[in-house]
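*Asks:* Below is the file model_24.cif, which contains mmCIF, C-alpha atoms and all ligand atoms.
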```
data_data
loop_
_atom_site.group_PDB
_atom_site.id
_atom_site.type_symbol
_atom_site.label_atom_id
_atom_site.label_comp_id
_atom_site.auth_asym_id
_atom_site.auth_seq_id
_atom_site.Cartn_x
_atom_site.Cartn_y
_atom_site.Cartn_z
ATOM 1 C CA MET A 174 0.000 0.000 0.000
ATOM 2 C CA LYS A 175 1.291 3.445 -0.882
ATOM 3 C CA ILE A 176 1.195 6.027 1.873
ATOM 4 C CA SER A 177 2.071 9.666 1.657
ATOM 5 C CA PHE A 178 5.228 10.606 3.451
ATOM 6 C CA SER A 179 3.414 13.145 5.646
ATOM 7 C CA ALA A 180 0.800 10.523 6.544
ATOM 8 C CA TYR A 181 3.547 8.099 7.503
ATOM 9 C CA MET A 182 5.266 10.736 9.608
ATOM 10 C CA HIS A 183 1.947 11.500 11.264
ATOM 11 C CA THR A 184 1.780 7.981 12.602
ATOM 12 C CA VAL A 185 5.181 8.327 14.222
ATOM 13 C CA GLN A 186 4.815 11.955 15.385
ATOM 14 C CA PRO A 187 5.541 12.164 19.093
ATOM 15 C CA LEU A 188 2.832 13.458 21.356
ATOM 16 C CA VAL A 189 4.101 16.399 23.364
ATOM 17 C CA ASN A 190 3.094 17.572 26.807
ATOM 18 C CA PHE A 191 1.411 20.898 26.382
ATOM 19 C CA PRO A 192 -0.513 23.040 28.897
ATOM 20 C CA GLY A 193 -4.000 21.644 28.661
ATOM 21 C CA GLY A 194 -2.960 18.091 27.798
ATOM 22 C CA LEU A 195 -1.166 15.965 25.260
ATOM 23 C CA ILE A 196 -1.319 17.186 21.684
ATOM 24 C CA ASN A 197 0.153 15.963 18.451
ATOM 25 C CA MET A 198 3.053 18.034 17.111
ATOM 26 C CA ASP A 199 1.287 18.256 13.755
ATOM 27 C CA GLN A 200 -1.560 20.138 15.340
ATOM 28 C CA LEU A 201 0.682 22.985 16.419
ATOM 29 C CA ILE A 202 0.619 25.901 14.040
ATOM 30 C CA ILE A 203 4.271 26.725 13.649
ATOM 31 C CA PRO A 204 5.355 29.866 11.781
ATOM 32 C CA ARG A 205 7.116 28.934 8.535
ATOM 33 C CA HIS A 206 10.524 30.198 9.717
ATOM 34 C CA GLN A 207 10.306 28.033 12.824
ATOM 35 C CA ARG A 208 9.105 24.904 11.080
ATOM 36 C CA ARG A 209 11.251 21.872 10.861
ATOM 37 C CA LYS A 210 13.161 21.458 7.636
ATOM 38 C CA ASP A 211 11.776 19.261 4.905
ATOM 39 C CA LYS A 212 13.247 15.835 4.622
ATOM 40 C CA VAL A 213 15.298 14.447 1.751
ATOM 41 C CA VAL A 214 16.466 10.856 1.554
ATOM 42 C CA VAL A 215 19.920 10.256 0.051
ATOM 43 C CA VAL A 216 20.646 6.712 -1.148
ATOM 44 C CA MET A 217 24.369 6.084 -1.520
ATOM 45 C CA GLY A 218 26.459 3.039 -2.336
ATOM 46 C CA ALA A 219 28.951 1.613 -4.772
ATOM 47 C CA THR A 220 28.005 0.725 -8.318
ATOM 48 C CA GLY A 221 25.940 -2.456 -8.523
ATOM 49 C CA THR A 222 24.733 -2.487 -4.920
ATOM 50 C CA GLY A 223 21.075 -1.963 -5.812
ATOM 51 C CA LYS A 224 20.606 1.745 -5.015
ATOM 52 C CA SER A 225 18.151 2.249 -7.868
ATOM 53 C CA ARG A 226 16.049 -0.725 -6.890
ATOM 54 C CA LEU A 227 15.964 0.313 -3.232
ATOM 55 C CA SER A 228 15.039 3.905 -4.143
ATOM 56 C CA ILE A 229 12.170 2.727 -6.318
ATOM 57 C CA ASP A 230 11.010 0.314 -3.608
ATOM 58 C CA LEU A 231 11.035 3.177 -1.091
ATOM 59 C CA ALA A 232 9.311 5.512 -3.533
ATOM 60 C CA THR A 233 6.478 3.051 -4.084
ATOM 61 C CA ARG A 234 5.943 2.798 -0.339
ATOM 62 C CA PHE A 235 6.279 6.493 0.474
ATOM 63 C CA ASP A 236 4.947 9.120 -1.884
ATOM 64 C CA ALA A 237 8.299 9.967 -3.413
ATOM 65 C CA GLU A 238 10.129 11.016 -6.561
ATOM 66 C CA ILE A 239 13.730 10.180 -7.407
ATOM 67 C CA ILE A 240 16.535 12.588 -8.305
ATOM 68 C CA ASN A 241 19.399 10.809 -10.057
ATOM 69 C CA SER A 242 22.878 11.582 -8.687
ATOM 70 C CA ASP A 243 24.938 9.425 -11.067
ATOM 71 C CA LYS A 244 27.107 11.751 -13.129
ATOM 72 C CA MET A 245 26.983 9.540 -16.249
ATOM 73 C CA GLN A 246 23.283 8.646 -16.111
ATOM 74 C CA VAL A 247 22.355 12.358 -16.353
ATOM 75 C CA TYR A 248 23.315 12.246 -20.039
ATOM 76 C CA LYS A 249 21.134 11.119 -22.906
ATOM 77 C CA GLY A 250 22.241 7.845 -24.454
ATOM 78 C CA LEU A 251 24.356 4.836 -23.443
ATOM 79 C CA ASP A 252 21.491 3.380 -21.430
ATOM 80 C CA ILE A 253 23.090 -0.078 -21.286
ATOM 81 C CA VAL A 254 26.647 1.120 -20.672
ATOM 82 C CA THR A 255 25.610 3.390 -17.794
ATOM 83 C CA ASN A 256 23.055 0.879 -16.533
ATOM 84 C CA LYS A 257 20.083 3.251 -16.429
ATOM 85 C CA VAL A 258 16.818 1.995 -15.002
ATOM 86 C CA THR A 259 14.297 1.041 -17.664
ATOM 87 C CA ASP A 260 10.739 2.388 -17.804
ATOM 88 C CA ASP A 261 9.486 -0.950 -16.468
ATOM 89 C CA GLU A 262 11.912 -0.851 -13.558
ATOM 90 C CA CYS A 263 10.800 2.699 -12.675
ATOM 91 C CA ARG A 264 7.312 1.327 -11.884
ATOM 92 C CA GLY A 265 5.752 4.735 -12.524
ATOM 93 C CA VAL A 266 8.003 6.562 -10.052
ATOM 94 C CA PRO A 267 9.050 9.917 -11.571
ATOM 95 C CA HIS A 268 12.817 10.232 -12.079
ATOM 96 C CA HIS A 269 14.611 13.567 -12.409
ATOM 97 C CA LEU A 270 18.014 14.315 -13.978
ATOM 98 C CA LEU A 271 18.026 10.972 -15.748
ATOM 99 C CA GLY A 272 19.054 10.881 -19.409
ATOM 100 C CA ILE A 273 18.332 14.531 -20.104
ATOM 101 C CA ILE A 274 21.680 16.246 -20.728
ATOM 102 C CA ASP A 275 23.394 16.552 -24.119
ATOM 103 C CA PRO A 276 26.029 13.768 -24.145
ATOM 104 C CA ASP A 277 28.703 16.089 -25.559
ATOM 105 C CA SER A 278 28.345 18.744 -22.888
ATOM 106 C CA ASP A 279 29.950 18.681 -19.454
ATOM 107 C CA PHE A 280 27.520 18.460 -16.567
ATOM 108 C CA SER A 281 29.404 19.701 -13.500
ATOM 109 C CA ALA A 282 28.805 19.306 -9.772
ATOM 110 C CA ARG A 283 27.655 22.926 -9.820
ATOM 111 C CA ASP A 284 25.082 22.124 -12.503
ATOM 112 C CA PHE A 285 23.927 19.198 -10.398
ATOM 113 C CA VAL A 286 23.477 21.407 -7.318
ATOM 114 C CA HIS A 287 21.374 23.834 -9.334
ATOM 115 C CA HIS A 288 19.124 21.262 -11.008
ATOM 116 C CA ALA A 289 18.825 18.907 -8.047
ATOM 117 C CA SER A 290 17.828 21.812 -5.752
ATOM 118 C CA LEU A 291 15.111 22.896 -8.175
ATOM 119 C CA ALA A 292 13.858 19.313 -8.449
ATOM 120 C CA ALA A 293 13.845 18.836 -4.656
ATOM 121 C CA ASP A 294 11.905 22.097 -4.186
ATOM 122 C CA ALA A 295 9.342 21.103 -6.816
ATOM 123 C CA ILE A 296 8.894 17.605 -5.338
ATOM 124 C CA THR A 297 8.515 19.007 -1.822
ATOM 125 C CA HIS A 298 5.944 21.534 -3.043
ATOM 126 C CA ARG A 299 3.927 18.646 -4.443
ATOM 127 C CA GLY A 300 3.896 17.256 -0.886
ATOM 128 C CA ARG A 301 6.171 14.404 -1.872
ATOM 129 C CA LEU A 302 9.474 13.111 -0.603
ATOM 130 C CA PRO A 303 12.619 13.683 -2.705
ATOM 131 C CA ILE A 304 14.954 10.666 -2.848
ATOM 132 C CA ILE A 305 18.415 11.438 -4.221
ATOM 133 C CA ALA A 306 19.999 8.242 -5.518
ATOM 134 C CA GLY A 307 23.234 7.529 -7.341
ATOM 135 C CA GLY A 308 26.893 6.747 -6.996
ATOM 136 C CA SER A 309 28.489 10.138 -7.606
ATOM 137 C CA ASN A 310 29.495 11.154 -4.138
ATOM 138 C CA SER A 311 31.105 14.373 -5.337
ATOM 139 C CA PHE A 312 27.650 15.490 -6.551
ATOM 140 C CA VAL A 313 26.014 14.585 -3.252
ATOM 141 C CA LYS A 314 28.748 16.331 -1.271
ATOM 142 C CA ALA A 315 28.438 19.493 -3.385
ATOM 143 C CA LEU A 316 24.691 19.546 -2.797
ATOM 144 C CA VAL A 317 24.279 18.681 0.858
ATOM 145 C CA SER A 318 27.548 19.896 2.285
ATOM 146 C CA ASP A 319 28.734 22.799 0.143
ATOM 147 C CA ASP A 320 25.370 24.365 -0.775
ATOM 148 C CA ILE A 321 24.286 26.502 2.161
ATOM 149 C CA GLU A 322 20.823 27.129 0.694
ATOM 150 C CA PHE A 323 20.066 23.421 0.351
ATOM 151 C CA ARG A 324 21.357 22.753 3.867
ATOM 152 C CA SER A 325 19.185 25.491 5.297
ATOM 153 C CA LYS A 326 16.052 23.975 3.742
ATOM 154 C CA TYR A 327 16.510 20.235 4.030
ATOM 155 C CA GLU A 328 17.419 17.590 6.557
ATOM 156 C CA CYS A 329 19.049 14.607 4.894
ATOM 157 C CA CYS A 330 18.502 11.001 5.810
ATOM 158 C CA PHE A 331 21.487 9.108 4.401
ATOM 159 C CA LEU A 332 21.158 5.436 3.513
ATOM 160 C CA TRP A 333 24.239 3.509 2.445
ATOM 161 C CA VAL A 334 23.524 0.288 0.585
ATOM 162 C CA ASP A 335 26.607 -1.733 1.382
ATOM 163 C CA VAL A 336 27.584 -5.055 -0.126
ATOM 164 C CA SER A 337 30.832 -6.833 0.748
ATOM 165 C CA MET A 338 33.433 -6.025 -1.916
ATOM 166 C CA SER A 339 34.198 -9.652 -2.768
ATOM 167 C CA VAL A 340 30.508 -10.355 -3.458
ATOM 168 C CA LEU A 341 30.141 -7.092 -5.343
ATOM 169 C CA HIS A 342 33.221 -7.714 -7.468
ATOM 170 C CA SER A 343 31.952 -11.016 -8.758
ATOM 171 C CA PHE A 344 28.496 -9.498 -9.340
ATOM 172 C CA VAL A 345 29.757 -6.502 -11.336
ATOM 173 C CA SER A 346 31.852 -8.776 -13.531
ATOM 174 C CA LYS A 347 28.769 -10.859 -14.332
ATOM 175 C CA ARG A 348 26.813 -7.670 -14.895
ATOM 176 C CA VAL A 349 29.330 -6.530 -17.516
ATOM 177 C CA ASP A 350 28.848 -9.864 -19.336
ATOM 178 C CA GLN A 351 25.082 -9.290 -19.241
ATOM 179 C CA MET A 352 25.552 -5.757 -20.553
ATOM 180 C CA VAL A 353 27.611 -7.131 -23.449
ATOM 181 C CA ARG A 354 24.792 -9.583 -24.249
ATOM 182 C CA ALA A 355 22.306 -6.692 -24.052
ATOM 183 C CA GLY A 356 24.232 -4.631 -26.627
ATOM 184 C CA LEU A 357 27.022 -2.724 -24.810
ATOM 185 C CA VAL A 358 29.423 -3.065 -27.762
ATOM 186 C CA GLU A 359 26.961 -1.693 -30.332
ATOM 187 C CA GLU A 360 25.993 1.142 -27.996
ATOM 188 C CA ALA A 361 29.614 2.142 -27.290
ATOM 189 C CA LYS A 362 30.346 2.059 -31.035
ATOM 190 C CA GLU A 363 27.970 4.962 -31.572
ATOM 191 C CA PHE A 364 30.345 7.086 -29.515
ATOM 192 C CA PHE A 365 33.530 5.877 -31.197
ATOM 193 C CA GLU A 366 35.602 8.307 -33.220
ATOM 194 C CA PRO A 367 39.148 7.439 -34.271
ATOM 195 C CA GLY A 368 41.376 9.660 -32.135
ATOM 196 C CA GLY A 369 38.320 10.564 -30.053
ATOM 197 C CA ASN A 370 38.464 12.503 -26.834
ATOM 198 C CA TYR A 371 37.343 10.530 -23.796
ATOM 199 C CA THR A 372 37.686 13.330 -21.273
ATOM 200 C CA ARG A 373 34.351 15.064 -21.815
ATOM 201 C CA GLY A 374 30.655 14.345 -21.389
ATOM 202 C CA ILE A 375 29.303 10.830 -21.568
ATOM 203 C CA ARG A 376 32.430 9.510 -23.322
ATOM 204 C CA ARG A 377 34.066 9.256 -19.885
ATOM 205 C CA ALA A 378 31.628 6.508 -18.894
ATOM 206 C CA ILE A 379 33.255 3.177 -18.121
ATOM 207 C CA GLY A 380 32.602 1.059 -21.210
ATOM 208 C CA VAL A 381 33.442 3.722 -23.804
ATOM 209 C CA PRO A 382 37.213 4.432 -23.637
ATOM 210 C CA GLU A 383 37.931 0.741 -22.995
ATOM 211 C CA MET A 384 36.330 -0.228 -26.335
ATOM 212 C CA ASP A 385 38.468 2.159 -28.363
ATOM 213 C CA GLY A 386 41.256 -0.377 -29.103
ATOM 214 C CA PHE A 387 38.765 -2.999 -30.258
ATOM 215 C CA PHE A 388 36.930 -0.616 -32.620
ATOM 216 C CA ARG A 389 40.214 0.558 -34.110
ATOM 217 C CA CYS A 390 41.350 -3.042 -34.590
ATOM 218 C CA GLU A 391 37.973 -3.940 -36.107
ATOM 219 C CA ASN A 392 38.587 -1.407 -38.865
ATOM 220 C CA VAL A 393 41.954 -2.826 -39.873
ATOM 221 C CA VAL A 394 42.160 -6.476 -38.767
ATOM 222 C CA ASP A 395 40.296 -9.239 -40.641
ATOM 223 C CA ASP A 396 41.476 -12.122 -38.505
ATOM 224 C CA VAL A 397 38.549 -13.250 -36.332
ATOM 225 C CA THR A 398 40.761 -14.643 -33.547
ATOM 226 C CA THR A 399 42.706 -11.406 -33.199
ATOM 227 C CA ARG A 400 39.502 -9.393 -33.123
ATOM 228 C CA ALA A 401 38.025 -11.693 -30.471
ATOM 229 C CA LYS A 402 41.173 -11.243 -28.393
ATOM 230 C CA PHE A 403 40.878 -7.438 -28.570
ATOM 231 C CA LEU A 404 37.233 -7.654 -27.570
ATOM 232 C CA GLU A 405 38.007 -9.912 -24.634
ATOM 233 C CA GLU A 406 40.721 -7.537 -23.443
ATOM 234 C CA ALA A 407 38.345 -4.574 -23.680
ATOM 235 C CA ILE A 408 35.677 -6.414 -21.681
ATOM 236 C CA ASP A 409 38.236 -7.416 -19.040
ATOM 237 C CA GLU A 410 39.288 -3.787 -18.768
ATOM 238 C CA ILE A 411 35.678 -2.680 -18.312
ATOM 239 C CA LYS A 412 35.299 -5.229 -15.510
ATOM 240 C CA ALA A 413 38.519 -4.101 -13.820
ATOM 241 C CA ASN A 414 37.567 -0.413 -14.077
ATOM 242 C CA THR A 415 34.068 -1.112 -12.719
ATOM 243 C CA ARG A 416 35.546 -3.004 -9.751
ATOM 244 C CA ASN A 417 37.945 -0.137 -9.214
ATOM 245 C CA LEU A 418 35.068 2.362 -9.344
ATOM 246 C CA ALA A 419 33.207 0.331 -6.696
ATOM 247 C CA CYS A 420 36.262 0.439 -4.400
ATOM 248 C CA CYS A 421 36.689 4.214 -4.922
ATOM 249 C CA GLN A 422 33.014 4.840 -4.202
ATOM 250 C CA PHE A 423 33.236 2.735 -1.039
ATOM 251 C CA ARG A 424 36.247 4.727 0.176
ATOM 252 C CA ASN A 425 34.591 8.038 -0.722
ATOM 253 C CA ILE A 426 31.525 7.234 1.364
ATOM 254 C CA LEU A 427 33.724 6.323 4.339
ATOM 255 C CA LYS A 428 35.586 9.606 3.855
ATOM 256 C CA LEU A 429 32.366 11.612 3.770
ATOM 257 C CA GLU A 430 31.185 9.887 6.900
ATOM 258 C CA GLU A 431 34.423 10.621 8.742
ATOM 259 C CA GLN A 432 35.319 14.080 7.456
ATOM 260 C CA LEU A 433 31.871 15.593 7.305
ATOM 261 C CA GLU A 434 30.559 13.677 10.289
ATOM 262 C CA TRP A 435 27.402 12.747 8.407
ATOM 263 C CA ARG A 436 25.236 10.217 10.107
ATOM 264 C CA ILE A 437 24.965 7.599 7.412
ATOM 265 C CA HIS A 438 22.778 4.557 7.991
ATOM 266 C CA ARG A 439 24.755 1.650 6.606
ATOM 267 C CA ILE A 440 22.524 -1.156 5.413
ATOM 268 C CA ASN A 441 24.217 -4.456 4.855
ATOM 269 C CA ALA A 442 22.737 -5.826 1.639
ATOM 270 C CA THR A 443 25.239 -8.663 1.241
ATOM 271 C CA GLU A 444 22.831 -11.344 2.370
ATOM 272 C CA ALA A 445 20.102 -10.047 0.057
ATOM 273 C CA PHE A 446 22.628 -10.133 -2.730
ATOM 274 C CA LEU A 447 23.628 -13.672 -2.092
ATOM 275 C CA LYS A 448 19.959 -14.624 -2.059
ATOM 276 C CA HIS A 449 19.684 -14.043 -5.775
ATOM 277 C CA MET A 450 20.660 -10.449 -6.232
ATOM 278 C CA LEU A 451 17.948 -8.569 -4.389
ATOM 279 C CA MET A 452 15.189 -11.038 -5.223
ATOM 280 C CA ARG A 453 14.174 -10.543 -1.614
ATOM 281 C CA PRO A 454 14.009 -6.747 -1.491
ATOM 282 C CA GLY A 455 12.276 -6.745 1.897
ATOM 283 C CA MET A 456 15.605 -7.541 3.507
ATOM 284 C CA VAL A 457 16.878 -4.141 2.431
ATOM 285 C CA VAL A 458 13.663 -2.177 2.151
ATOM 286 C CA GLY A 459 12.338 -3.069 5.607
ATOM 287 C CA PRO A 460 15.214 -1.544 7.602
ATOM 288 C CA SER A 461 15.427 1.379 5.157
ATOM 289 C CA MET A 462 11.740 2.175 5.596
ATOM 290 C CA ARG A 463 12.102 2.220 9.341
ATOM 291 C CA ILE A 464 15.105 4.568 9.095
ATOM 292 C CA VAL A 465 13.429 6.905 6.599
ATOM 293 C CA GLY A 466 10.251 7.069 8.654
ATOM 294 C CA ARG A 467 11.963 7.837 11.939
ATOM 295 C CA GLU A 468 12.047 11.381 13.188
ATOM 296 C CA ASP A 469 15.431 11.105 14.877
ATOM 297 C CA GLN A 470 17.316 9.565 11.972
ATOM 298 C CA ILE A 471 19.263 12.651 10.885
HETATM 299 P P1 LIG A 501 35.300 11.280 -8.913
HETATM 300 O O1 LIG A 501 35.645 12.536 -8.171
HETATM 301 O O2 LIG A 501 36.310 10.189 -8.825
HETATM 302 O O3 LIG A 501 34.832 11.552 -10.317
HETATM 303 P P2 LIG A 501 32.570 11.010 -8.193
HETATM 304 O O4 LIG A 501 31.881 10.639 -6.941
HETATM 305 O O5 LIG A 501 32.391 12.404 -8.642
HETATM 306 O O6 LIG A 501 34.090 10.661 -8.073
HETATM 307 P P3 LIG A 501 31.756 8.652 -9.661
HETATM 308 O O7 LIG A 501 30.306 8.518 -9.850
HETATM 309 O O8 LIG A 501 32.447 7.818 -8.643
HETATM 310 O O9 LIG A 501 32.086 10.173 -9.435
HETATM 311 O O10 LIG A 501 32.384 8.455 -11.107
HETATM 312 C C1 LIG A 501 33.737 8.401 -11.354
HETATM 313 C C2 LIG A 501 33.909 7.975 -12.799
HETATM 314 O O11 LIG A 501 33.387 6.654 -12.960
HETATM 315 C C3 LIG A 501 33.158 8.802 -13.849
HETATM 316 O O12 LIG A 501 33.835 9.933 -14.279
HETATM 317 C C4 LIG A 501 32.974 7.770 -14.956
HETATM 318 O O13 LIG A 501 34.150 7.645 -15.700
HETATM 319 C C5 LIG A 501 32.711 6.507 -14.198
HETATM 320 N N1 LIG A 501 31.273 6.270 -13.969
HETATM 321 C C6 LIG A 501 30.522 6.723 -12.954
HETATM 322 N N2 LIG A 501 29.261 6.350 -13.054
HETATM 323 C C7 LIG A 501 29.193 5.607 -14.151
HETATM 324 C C8 LIG A 501 28.139 4.926 -14.813
HETATM 325 N N3 LIG A 501 26.895 4.930 -14.349
HETATM 326 N N4 LIG A 501 28.434 4.265 -15.926
HETATM 327 C C9 LIG A 501 29.659 4.237 -16.395
HETATM 328 N N5 LIG A 501 30.690 4.863 -15.840
HETATM 329 C C10 LIG A 501 30.476 5.550 -14.734
#
```
As structure tokens, please, write out the structure in this file.
*Replies:*
Amino acid sequence: MKISFSAYMHTVQPLVNFPGGLINMDQLIIPRHQRRKDKVVVVMGATGTGKSRLSIDLATRFDAEIINSDKMQVYKGLDIVTNKVTDDECRGVPHHLLGIIDPDSDFSARDFVHHASLAADAITHRGRLPIIAGGSNSFVKALVSDDIEFRSKYECCFLWVDVSMSVLHSFVSKRVDQMVRAGLVEEAKEFFEPGGNYTRGIRRAIGVPEMDGFFRCENVVDDVTTRAKFLEEAIDEIKANTRNLACCQFRNILKLEEQLEWRIHRINATEAFLKHMLMRPGMVVGPSMRIVGREDQI
């Protein structure tokens, strides 16, 4: 059953002792400037941990909309390479900043702060809960730590979907194989230019620069075995870079937790993973729902 976020909060609102008896906090008329800040949920985690799935699960239980914070998924194109959620997977939950930016332009952390703030304001005005989800911790830091305006308006509830690195490493390698079967090579080829620049826009996405050697070889080498070897090397490099990205993201979250003293709720999703890659979402969603719904979670 879908419940509005404010309705959910109402059920957990503490009753306060007030002259004349107990009253519910919601019944107090509080001037706008004294009101509590609006809540934003921030779902963090390394690539492949199931952030998107958890965010959608939460959004279907609370009345929420999702703001993407993956710096490659903001661009149009490369849906397989960047592992964007499909329309089916979205289950009707509105997503913001997903696949909307010109792939040749550079979308900076500053741009993210601007657009994500506007999206969060609009979602909140609709009486809904904004859920920021994605792996780009530099974007999240810029928004919730460096942007004074955002900080003054919103309280963040941080959820960290954590999966043990050894389990995650074998999963992301299998995921790359699945992406290849789904059309990663053909998709990356659309962005191939001999002597191309892989330092701007969507071309930086893991899966594009790694394929460059194979596409160049394809144009000049007829031998099938040699071509297959180049392809295999490219795929191995994609796997290695994805595993490396997962490790970097893990370290960056730890750093944010330590340096910025954020209270991040770490949810161990390893067991759920081992039980058929999140086929039992309740194991992750249940604790997350309780954290998101609590008043004292910040
Ligand atoms: P950094 O400061 O290292 O860029 P970050 O938190 O800003 O960290 P990440 O999301 O960790 O950014 O991305 C780092 C790099 O990993 C990107 O520049 C890109 O090359 C690659 N990358 C990130 N997300 C994806 C994705 N969804 N698909 C493919 N590649 C990605």
*Asks:* For ligand LIG 501 (chain A), collect every residue having any atom at a distance of at most 8 Å from a ligand atom (counting all atoms listed in the file); output as number ranges by chain.
*Replies:* A: 220, 243-246, 254-257, 282, 307-313, 377-380, 415, 418-419, 421-422, 425
*Asks:* Under the rule that only C-alpha atoms are counted, which of A:Ile437, A:Ala219, A:Ala237, A:Val381 is the nearest residue to A:Glu359?
*Replies:*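 Selected residue with least distance to A:Glu359: A:Val381.
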*Asks:* Run the PyMOL selection byres (((chain A and resi 396-405) around 12) and not hetatm) against the file shown and list the residues it catches, as a PyMOL selection string.
*Replies:* chain A and resi 349-350+353+357-358+380+383-395+406-412
*Asks:* Do you know which residues are at most 10 Å from A:Phe364 counting all atoms listed in the file, after dropping those on the same chain fewer than 6 positions away, and could you put them as a ChimeraX atom specification?
*Replies:* /A:250-251,276-277,371,375-376,381-382,384-385
*Asks:* Give me a file of those residues, with C-alpha atoms, as a PDB file, in the coordinates of the input.
*Replies:*
```
ATOM      1  CA  GLY A 250      22.241   7.845 -24.454  1.00  0.00           C
ATOM      2  CA  LEU A 251      24.356   4.836 -23.443  1.00  0.00           C
ATOM      3  CA  PRO A 276      26.029  13.768 -24.145  1.00  0.00           C
ATOM      4  CA  ASP A 277      28.703  16.089 -25.559  1.00  0.00           C
ATOM      5  CA  TYR A 371      37.343  10.530 -23.796  1.00  0.00           C
ATOM      6  CA  ILE A 375      29.303  10.830 -21.568  1.00  0.00           C
ATOM      7  CA  ARG A 376      32.430   9.510 -23.322  1.00  0.00           C
ATOM      8  CA  VAL A 381      33.442   3.722 -23.804  1.00  0.00           C
ATOM      9  CA  PRO A 382      37.213   4.432 -23.637  1.00  0.00           C
ATOM     10  CA  MET A 384      36.330  -0.228 -26.335  1.00  0.00           C
ATOM     11  CA  ASP A 385      38.468   2.159 -28.363  1.00  0.00           C
TER      12      ASP A 385
END
```
*Asks:* Please list as a list in words every residue within 8 Å of A:Met462, counting all atoms listed in the file and excluding residues in the same chain fewer than 4 positions away.
*Replies:*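 My list of contacting residues is Leu231, Val458 and Gly466 of chain A.
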*Asks:* Around (24.4, 10.6, 10.4), as given in the file, which residues come within 10 Å? Count all atoms listed in the file and list them as a list in words.
*Replies:* Cys329, Cys330, Phe331, Leu332, Glu430, Leu433, Glu434, Trp435, Arg436, Ile437, His438, Arg439, Gln470 and Ile471 of chain A
*Asks:* In Å, rounded to a single decimal, give me how far atom CA of A:Gly272 is from atom CA of A:Thr443.
*Replies:*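 Separating atom CA of A:Thr443 from atom CA of A:Gly272 is a distance of 29.1 Å.
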*Asks:* For a test of reading the model, state the distance in Å between atom CA of A:Lys224 and atom CA of A:Gly356, rounded to one decimal.
*Replies:*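 Taking atom CA of A:Lys224 and atom CA of A:Gly356, their separation equals 22.8 Å.
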*Asks:* Expressed in Å to a single decimal, how great is the separation between atom CA of A:Val317 and atom CA of A:Val345?
*Replies:* 28.5 Å
*Asks:* Output the residue selection produced by the PyMOL selection byres (((chain A and resi 288) around 12) and not hetatm) on the file above, formatted as a PyMOL selection string.
*Replies:* chain A and resi 240-242+247+269-271+273-274+280-287+289-295+305+312+316+323
*Asks:* Care to translate the PyMOL selection byres (((chain A and resi 259) around 12) and not hetatm) into actual residues of this file, as an MDAnalysis selection string?
*Replies:* chainID A and resid 225:226 229 246 252:253 255:258 260:268 271:272
*Asks:* Name the residues in contact with A:Lys210 at a cut-off of 7 Å, using only C-alpha atoms, excluding same-chain residues fewer than 5 positions from it; report them as an MDAnalysis selection string.
*Replies:* chainID A and resid 326:328
